[in-house]
Amino acid sequence: MYKLILAMRYLLKRRITYFAVLAVALCVFIVVIVMTVMTGLVRDFKQKNHDFAGDCIVGSESLVGFAYYEDFVKELEQNQFIEGVSEVIKSYALLSPQGRDVSRGVEIIGIDPVRHSRATGFGRTLYYRKNNVEKAFAPSYDPNLLGCVLGIDLALDRHADSGYSYYDSPVRLGLAITCFPLTARGALAGAATAPVNTKTFYYSDHSHSGLARVDDSVVYLPFDQAQALCGMAGATKRINAIHVKFKGGVELQAGCDRIRRLWQEFKADKSGESQAYLLDTVTVQSWKVYRRTLIAAMEKEQTMMGVMFGFVGIVTVFIVLVVFYMLISHKSKDIGVLRSIGASKVDIIELFAGFAFMVGGLGALVGVLGGWQFLLKINKIEDWLFENFGYQVWDRTMFAIGDIPNEVSPKVLAAIVVAAIAACLIGALVPSWQAIRLKPTETLQVNQL
Amino acid sequence: MLKLFLWLRYLRKRKIVFLSIAAVALSVSLLIVVASLFTGFIHSYEHIAVEFVGDVVLQPPRKFVRYPHFIERLEKLDAVDAAAATLTGHGVLYIGKGNVRAVIIQGIDAVRTARVAGLKNSLLRQKDISGELSFAVPDKPDEIGGYVGIAAIKEPDEETDEYDFAEAEQMIGEQVVVTTGSVTEEQDTSADGVRTKFKRRTIKLTVTDVVFTGFYDLDKNCVFMPIEKLRETLYPNLEEPLAETIEIKLRPGADIESALAQIRGVWEGFVDDVLGGDPYLKSSATEIETAIEMQGRYIAEVRKQMGLLLLIFGVVSGSVVVLVFCIFYMIVTTKRKDVAIIKSCGTSSASVAWIFVGFGACVGIVGSGIGVVLGFVITKNINVIEGWIRVIFGLKLWKSSVYMFSKIPTEVNWFWAMPIVLSAIAAAAVGTLIPAIVAAITKPVEILRYE
């Protein structure tokens with residue numbers, strides 16, 4: 001009990017400890033804000049990638065794709081743990097709006113919109129056909145035309161507030177899509193005559209995935225049309241990937257492992273087929289592995305930021321060390337009295353460790369509360385800065401970021417609080433060690449009193 | 001002399017002062033590294049822009065013909081060293097079995113472009129060969145030569161982020177197919193008037209060189225070919241030279257503003273004399289700006305991020321003030337007798353205060369000096385450090401596909417280092433203010449009393 005009383009007394013009576021609390025609070029305040037924003041950005045980015053890809057992807061990186069997919073899709077659909085399966089064509093194409101002397105290279109994704117929406121979050125990214133996904137490729141101005149869904153940044157201009165100017169219905173716009181049809185051996189299908197296939201599609205909707213590289217470069221086409229354009233609709237049809245969604249409760253890795261086993265069995269069954277060699281290029285990946293290059297970059301930035309704050313946090317450890325050093329040098333008589341009435345060395349260490357814990361805990365509490373309050377208002381503050389000074393943390397016309405993420409993660413908070421208390425305990429370590437080495441006979445000598 | 005003696009004594013006897021030196025050094029080095037990395041990135045970005053398109057770019061709202069006349073007039077200006085035309089088109093590139101990429105096709109005059117921009121330095125084969133840059137395919141005069149970006153041929157290694165240059169060079173001499181297109185106007189017989197139609201064009205190119213600029217987007221997306229061949233392909237009915245932009249290299253020391261005004265004057269004269277005085281082409285829709293201005297928006301955004309990060313780390317580093325305060329307060333309270341003796345010998349309160357403020361400033365100078373050295377060493381060796389982290393922890397922190405450049409910039413920013421160092425010294429001095437005042441108001445008669 002006396003340890004608690006003394007620790008409280010030191011905390012309240014010794015004003016120098018307020019500086020230690022202040023330093024901890026300042027550090028925690030900044031770290032809470034930065035790490036919450038960064039964690040929010042990473043979490044949102046991961047979620048968008050998850051929505052874009054589904055849970056598991058069976059696919060080949062080669063644009064040639066792989067054959068016999070129909071049988072494997074049937075097999076997948078018979079499994080109870082699978083919620084949705086979507087066959088996908090992927091390739092590069094030249095997009096040319098009708099009547100304009102411009103064209104640009106884009107990525108085309110051929111899908112069945114209903115099946116793809118069951119396997120991924122595609123349906124939720126649509127604007128006009130959000131509640132009528134089966135008509136995603138039917139332009140509302142003429143449902144008989146062949147439609148295509150454009151990445152939103154291909155269709156609309158992004159404003160400074162990260163919004164877009166939407167119309168009541170899509171504008172009638174014809175887009176010629178040209179791509180290379182490839183044979184099963186990877187060669188150009190019509191090299192001698194016409195090496196490219198072209199078809200005109202009409203803008204029927206746009207997809208806002210929130211992923212800049214997708215929204216700026218992807219055009220979704222009807223599955224069979226994309227398959228024909230890419231030369232994959234021959235006698236033995238081919239695709240590039242199968243996107244799979246698991247039922248709720250299925251653990252990601254376990255689900256992927258089951259699909260991997262199914263694929264190995266399927267591949268063995270098809271080993272005698274003429275295009276079986278294409279199956280060797282196919283991998284089974286979870287969405288996290290499939291999008292790893294992009295996700296890993298953001299996670300690494302978050303880690304780097306944490307490491308840099310760790311370095312800066314060393315100053316806080318120094319402050320605590322100095323404050324404790326001062327305190328102990330002033331309270332040597334207290335320590336002498338305690339030791340003389342029977343307090344052990346461990347008791348003395350516990351006393352100062354408890355005090356360090358209080359300093360760290362109080363500093364962290366103040367910092368967390370301050371940071372939390374700031375985060376609650378961070379978007380309002382940014383709006384005010386933008387309205388009055390034209391300042392934005394991120395220029396929304398350049399970065400696909402909406403509001404600044406401000407949802408405080410309990411895990412992040414816990415990690416920061418634990419780190420702050422640990423920093424205080426480390427800072428108190430050397431002074432505490434010095435305290436236990438003080439001898440009562442020396443500190444309580446008459447000439448020292 | 002007394003001050004120096006006391007400073008050295010406190011430094012020797014009070015080891016805790018080294019903590020404040022370490023804290024200052026740590027904060028200064030971190031801020032210098034952050035500022036240097038950001039500004040290095042900005043400079044690299046500006047450099048690659050100039051290296052790739054020259055000093056100034058003239059970009060009319062639409063393509064224009066007879067550009068050689070314009071270039072001829074431009075090169076008569078004192079401020080202009082050389083100029084070259086470009087014609088650009090988007091397309092898709094078929095490199096080999098199953099390997100298709102979206103690319104930007106740049107039609108250039110190789111010889112002229114080499115005078116304006118540093119393209120030659122980025123070519124794997126021709127950079128070490130003296131003589132003019134060329135698209136010519138050896139022994140095959142009928143074939144069209146082209147340069148392909150190294151990342152379009154093959155992405156860098158997933159783990160090391162290094163390109164396989166040997167494999168890339170094997171592509172030299174191989175044939176690739178580019179598909180692009182243009183809009184042509186046709187007489188519509190069913191309706192009165194003219195109808196526009198997009199025509200696909202495919203071009204077979206023989207790779208005569210591979211482009212490696214170190215800037216990922218260029219290395220991945222660009223295909224270069226002769227401007228006249230691209231014009232013939234895209235606009236076969238047009239018999240005059242056609243350009244989309246003019247890239248201009250200024251003479252060393254040329255005044256930018258004056259040069260821009262002169263170039264606009266020449267442009268307006270050219271439009272009047274050769275292009276029929278089209279007011280749209282003469283208007284401000286024709287952009288004439290420096291390569292650096294063209295990247296202005298993005299660079300401003302990067303600068304903003306740098307400012308924000310420096311502010312965040314600067315605020316946290318502000319704890320140094322608290323640390324210095326605590327240390328000096330402790331020194332003052334434990335050395336009150338020293339202070340009292342000095343004062344009893346006739347030293348003024350201001351001089352006593354200066355002992356501690358000066359000592360604080362010295363701590364700041366020594367700490368920031370160490371911080372500068374540390375920041376310099378880290379920045380200069382950042383690629384080596386990144387390599388160690390990859391080898392030891394298996395963590396590849398820098399990837400060209402994410403951060404654009406193949407290497408982390410290693411240029412130390414002394415412009416930013418100076419205010420950081422001054423702030424650190426000021427912070428250390430500020431931290432000593434209250435302890436210095438406490439020392440200054442110490443009364444010798446109270447401290448030196450016998451009881």
# chains A, B, ... in the order shown; residues from 1 in each chain; ligands from 1

call {"tool": "interface_residues", "arguments": {"of": "chain A", "to": "chain B", "cutoff": "6 Å", "atoms": "only C-alpha atoms", "output": "PyMOL selection string"}}
result
chain A and resi 23+27+62-64+94+99+101+103-105+186-187+315+319

call {"tool": "residues_around", "arguments": {"residues": "range 378-381 of chain B", "least_positions_apart": "2", "cutoff": "7 Å", "atoms": "only C-alpha atoms", "output": "list in words"}}
result
Val33, Leu374, Gly375, Phe376, Asn383, Val384, Ile385, Thr410, Glu411 and Val412 of chain B

call {"tool": "write_last_selection", "arguments": {"atoms": "N, CA and C atoms", "output": "compact mmCIF listing (two decimals), in the first residue's frame"}}
result
# COMPACT_ATOMS: atom_id res chain seq x y z
N VAL B 33 17.29 13.11 -42.77
CA VAL B 33 17.08 11.97 -43.67
C VAL B 33 15.72 12.09 -44.36
N LEU B 374 25.43 11.95 -38.94
CA LEU B 374 24.63 10.71 -38.98
C LEU B 374 23.64 10.75 -40.14
N GLY B 375 22.95 11.88 -40.29
CA GLY B 375 21.98 12.03 -41.39
C GLY B 375 22.66 11.91 -42.74
N PHE B 376 23.85 12.49 -42.86
CA PHE B 376 24.61 12.42 -44.12
C PHE B 376 24.98 10.97 -44.44
N ASN B 383 20.70 3.16 -49.89
CA ASN B 383 20.46 1.97 -50.72
C ASN B 383 21.15 0.74 -50.16
N VAL B 384 22.35 0.97 -49.55
CA VAL B 384 23.07 -0.15 -48.93
C VAL B 384 22.28 -0.63 -47.71
N ILE B 385 21.79 0.33 -46.91
CA ILE B 385 21.02 -0.03 -45.71
C ILE B 385 19.77 -0.80 -46.11
N THR B 410 19.91 9.67 -53.03
CA THR B 410 20.89 9.76 -51.93
C THR B 410 21.46 11.17 -51.78
N GLU B 411 20.71 12.13 -52.30
CA GLU B 411 21.22 13.51 -52.29
C GLU B 411 20.83 14.17 -50.96
N VAL B 412 21.84 14.64 -50.20
CA VAL B 412 21.55 15.29 -48.91
C VAL B 412 21.09 16.72 -49.16

call {"tool": "residues_around", "arguments": {"residues": "range 225-234 of chain B", "least_positions_apart": "2", "cutoff": "8 Å", "atoms": "only C-alpha atoms", "output": "NGL selection string"}}
result
:B and (86-87 or 105-110 or 135 or 144-147 or 180-182 or 201-203 or 223 or 236-238 or 241-242)

call {"tool": "select_by_dssp", "arguments": {"residues": "range 72-309 of chain A", "states": "helix (DSSP H, G or I)", "output": "PyMOL selection string"}}
result
chain A and resi 72-77+113-119+122-125+133-135+152-155+212-215+223-229+252-269+276-281+287-290+292-309

call {"tool": "residues_around", "arguments": {"residues": "Tyr10 in chain A", "least_positions_apart": "6", "cutoff": "10 Å", "atoms": "only C-alpha atoms", "output": "tab-separated table (two decimals) with N, CA, C and O atoms, in the first residue's frame"}}
result
chain	number	residue	atom	x	y	z
A	4	LEU	N	2.02	2.45	-3.37
A	4	LEU	CA	1.01	3.21	-4.13
A	4	LEU	C	0.94	4.65	-3.61
A	4	LEU	O	0.92	5.61	-4.40
A	16	ILE	N	8.26	18.18	-11.48
A	16	ILE	CA	9.11	17.81	-12.62
A	16	ILE	C	8.53	16.59	-13.36
A	16	ILE	O	8.74	16.43	-14.57
A	17	THR	N	7.78	15.76	-12.62
A	17	THR	CA	7.20	14.58	-13.27
A	17	THR	C	6.14	14.97	-14.29
A	17	THR	O	5.84	14.21	-15.21
A	327	LEU	N	14.58	12.61	-9.37
A	327	LEU	CA	13.70	12.29	-8.25
A	327	LEU	C	14.42	11.43	-7.22
A	327	LEU	O	14.36	11.68	-6.01
A	331	LYS	N	15.31	12.02	-3.40
A	331	LYS	CA	14.56	11.21	-2.43
A	331	LYS	C	15.41	10.09	-1.84
A	331	LYS	O	14.88	9.04	-1.46
A	352	PHE	N	9.35	2.27	-7.76
A	352	PHE	CA	9.65	3.15	-8.90
A	352	PHE	C	9.05	2.63	-10.21
A	352	PHE	O	8.68	3.43	-11.08
A	355	PHE	N	5.61	3.83	-10.11
A	355	PHE	CA	5.60	5.26	-10.41
A	355	PHE	C	5.75	5.47	-11.93
A	355	PHE	O	5.02	6.27	-12.53

call {"tool": "atom_distance", "arguments": {"atom1": "CA of Phe359 in chain B", "atom2": "CA of Ala436 in chain B"}}
result
10.0 Å

call {"tool": "residues_around", "arguments": {"residues": "Val65 in chain B", "least_positions_apart": "4", "cutoff": "9 Å", "atoms": "only C-alpha atoms", "output": "PDB file with N, CA, C and O atoms, in the first residue's frame"}}
result
ATOM      1  N   GLU B 240       2.351  15.571 -95.304  1.00  0.00           N
ATOM      2  CA  GLU B 240       3.239  16.543 -94.663  1.00  0.00           C
ATOM      3  C   GLU B 240       3.641  16.056 -93.274  1.00  0.00           C
ATOM      4  O   GLU B 240       2.897  15.311 -92.631  1.00  0.00           O
ATOM      5  N   PRO B 241       4.810  16.496 -92.804  1.00  0.00           N
ATOM      6  CA  PRO B 241       5.227  16.100 -91.458  1.00  0.00           C
ATOM      7  C   PRO B 241       4.222  16.594 -90.406  1.00  0.00           C
ATOM      8  O   PRO B 241       3.708  17.712 -90.532  1.00  0.00           O
ATOM      9  N   LEU B 242       3.979  15.764 -89.423  1.00  0.00           N
ATOM     10  CA  LEU B 242       2.965  16.076 -88.412  1.00  0.00           C
ATOM     11  C   LEU B 242       3.581  15.940 -87.014  1.00  0.00           C
ATOM     12  O   LEU B 242       4.327  14.999 -86.754  1.00  0.00           O
ATOM     13  N   ALA B 243       3.230  16.875 -86.144  1.00  0.00           N
ATOM     14  CA  ALA B 243       3.771  16.803 -84.767  1.00  0.00           C
ATOM     15  C   ALA B 243       2.663  17.085 -83.757  1.00  0.00           C
ATOM     16  O   ALA B 243       1.658  17.719 -84.077  1.00  0.00           O
ATOM     17  N   GLU B 244       2.881  16.599 -82.564  1.00  0.00           N
ATOM     18  CA  GLU B 244       1.921  16.836 -81.484  1.00  0.00           C
ATOM     19  C   GLU B 244       2.510  17.797 -80.447  1.00  0.00           C
ATOM     20  O   GLU B 244       1.807  18.668 -79.949  1.00  0.00           O
ATOM     21  N   VAL B 274       2.361  29.945 -91.617  1.00  0.00           N
ATOM     22  CA  VAL B 274       2.313  28.589 -92.193  1.00  0.00           C
ATOM     23  C   VAL B 274       0.964  27.892 -91.963  1.00  0.00           C
ATOM     24  O   VAL B 274       0.494  27.138 -92.804  1.00  0.00           O
ATOM     25  N   LEU B 275       0.353  28.146 -90.803  1.00  0.00           N
ATOM     26  CA  LEU B 275      -0.880  27.416 -90.467  1.00  0.00           C
ATOM     27  C   LEU B 275      -2.135  28.269 -90.664  1.00  0.00           C
ATOM     28  O   LEU B 275      -3.199  27.966 -90.102  1.00  0.00           O
TER      29      LEU B 275
END
